[in-house]
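S.K.: Would you mind keeping the following structure in view while I ask a few things?
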Amino acid sequence: MAQQTINIGSSPNDGTGDTIRDAMDIVNDNFNEMYTSFTMTGAVTVGNSTVNTVVSNTGGMVTGNTTANSVANSTNFVVVNSTSTSTLTPASLAIGNSTVNSTSNSTNFVVVNSTSTSTLTPASLAIGNSTVNTSHSVSTLYIANSTSNVSITAGDIFVGNSTVNAYANSSHIKVNSANVTSNTLTLGSSTDGANGYTYLPNGFKMNWGTVSANSSTGTVTFTDAYTTNSYVVIATSNATGTYTAAVISQNNTSAEIRTANDTVTDVYFNVIGK
């Protein structure tokens, strides 16, 4: 219903305005509209308040020093120094110095100096100086100076100066100056043993082990083959002189190691490749 206006006539008591009954009926209709289905078409600004607000049209809602439970459908929602539980659908949510539990479906979500539990589906999430538990499905996740447990299935994670537990299915994880609180940083799979392998940063992989070698035998089959090739093979025997080991050939699955002696000796090898 559009807003109804009471006709007050051209001048006092000229008899051209609405009757008292008709005027009060218009007042009731306007109040009923507000209480049953309020729609805001402009902007709502709230300071130092406890607010439960629904914004469904254009415009922006700005909340400062507030405890807010808000739903915004087609607007910007900005919260500063607040405790907020918010749902935002097609616009942007920016939060500073806040404790926030937020869901955003089609927008950018920015959190600074906050404790946040957030779900974001098809846009970007940027977080600075925050403790964050975040589920992110599609796009880019930026985290700076944060303690974060993050799940991402498609997109990129960029992390600076953060303590991060991140799981990525279809993405790159880029970490700058990150702290690892445990003694183990797992990069891909590995085998722990006398003959084994592990992944290294930047997609490299290392195989290691021992092989019995002499002047005619000493074929090493890597525990885990390389996709491209083995770039460097280092072989060291446990004896000197004619028992000194040499690498004759190498490829992505194996290496040929020999000594100048007919007697077999143990040779230790390390291989780096990609």
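In the structure tokens, chains take letters A, B, ... by order of appearance, with residues numbered from 1 within each chain and ligands from 1 in the order shown.
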Can I get the residues of range 186-209 of chain A within 8 Å of range 214-235 of chain A, each with the closest pair of atoms and their distance in Å to one decimal, using only C-alpha atoms, sorted chain first then ascending number, as JSON lines?
M.R.:
{"residue": "A:Asn195", "atom": "CA", "partner": "A:Thr223", "partner_atom": "CA", "distance": 6.8}
{"residue": "A:Gly196", "atom": "CA", "partner": "A:Thr223", "partner_atom": "CA", "distance": 5.6}
{"residue": "A:Tyr197", "atom": "CA", "partner": "A:Thr223", "partner_atom": "CA", "distance": 6.4}
{"residue": "A:Lys205", "atom": "CA", "partner": "A:Tyr226", "partner_atom": "CA", "distance": 7.6}
{"residue": "A:Asn207", "atom": "CA", "partner": "A:Phe222", "partner_atom": "CA", "distance": 6.4}
{"residue": "A:Trp208", "atom": "CA", "partner": "A:Phe222", "partner_atom": "CA", "distance": 7.8}
S.K.: Restricting it to N, CA and C atoms, dump the selection as a PDB file, in the first residue's frame.
M.R.:
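The resulting file, result.pdb, is shown below:
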ATOM      1  N   ASN A 195      63.572 -45.810   3.210  1.00  0.00           N
ATOM      2  CA  ASN A 195      63.368 -45.393   1.832  1.00  0.00           C
ATOM      3  C   ASN A 195      61.997 -44.709   1.781  1.00  0.00           C
ATOM      4  N   GLY A 196      61.985 -43.420   1.467  1.00  0.00           N
ATOM      5  CA  GLY A 196      60.711 -42.698   1.491  1.00  0.00           C
ATOM      6  C   GLY A 196      60.751 -41.448   0.647  1.00  0.00           C
ATOM      7  N   TYR A 197      59.731 -40.598   0.821  1.00  0.00           N
ATOM      8  CA  TYR A 197      59.650 -39.341   0.061  1.00  0.00           C
ATOM      9  C   TYR A 197      58.813 -38.350   0.855  1.00  0.00           C
ATOM     10  N   LYS A 205      59.581 -32.238  -4.747  1.00  0.00           N
ATOM     11  CA  LYS A 205      59.473 -33.472  -3.976  1.00  0.00           C
ATOM     12  C   LYS A 205      60.855 -34.069  -3.774  1.00  0.00           C
ATOM     13  N   ASN A 207      62.933 -37.664  -2.693  1.00  0.00           N
ATOM     14  CA  ASN A 207      63.032 -39.088  -2.380  1.00  0.00           C
ATOM     15  C   ASN A 207      64.378 -39.357  -1.716  1.00  0.00           C
ATOM     16  N   TRP A 208      64.432 -40.341  -0.834  1.00  0.00           N
ATOM     17  CA  TRP A 208      65.686 -40.710  -0.187  1.00  0.00           C
ATOM     18  C   TRP A 208      65.698 -42.212   0.077  1.00  0.00           C
TER      19      TRP A 208
END
S.K.: Measure the distance from CA of Ile26 in chain A to CA of Asn7 in chain A in Å and round it to one decimal.
M.R.: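 Between these atoms lies a distance of 10.0 Å.
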S.K.: How far is it from CA of Gly241 in chain A to CA of Asn270 in chain A, in Å with one decimal?
M.R.: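 Spanning CA of Gly241 in chain A to CA of Asn270 in chain A is a straight-line distance of 20.8 Å.
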S.K.: As an exercise, work out the distance from CA of Ser254 in chain A to CA of Gly193 in chain A in Å and give it to one decimal place.
M.R.: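 Separating CA of Ser254 in chain A from CA of Gly193 in chain A is a distance of 18.0 Å.
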S.K.: Enumerate as a ChimeraX atom specification all residues of range 167-259 of chain A assigned to strand (DSSP E) by DSSP on the backbone, naming them with the chain letters and numbers the document uses.
M.R.: /A:167-168,171-176,190-191,196-199,205-213,219-221,230-237,246-250,254-258
S.K.: I'd like the contact shell of Glu33 in chain A - 9 Å cut-off, only C-alpha atoms, skipping same-chain residues fewer than 5 positions apart - returned as a list in words.
M.R.: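 Surrounding residues, per the criterion: Met1, Ala2, Gln3, Asn28 and Phe38 of chain A.
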S.K.: Hey, can you spit out that residue selection with C-alpha atoms as a PDB file, in the first residue's frame?
M.R.:
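Contents of result33.pdb, as written:
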ATOM      1  CA  MET A   1       0.000   0.000   0.000  1.00  0.00           C
ATOM      2  CA  ALA A   2       1.270   3.481  -0.837  1.00  0.00           C
ATOM      3  CA  GLN A   3       1.320   6.104   1.915  1.00  0.00           C
ATOM      4  CA  ASN A  28      -4.869   3.480  11.148  1.00  0.00           C
ATOM      5  CA  PHE A  38       7.665  -2.032   6.810  1.00  0.00           C
TER       6      PHE A  38
END
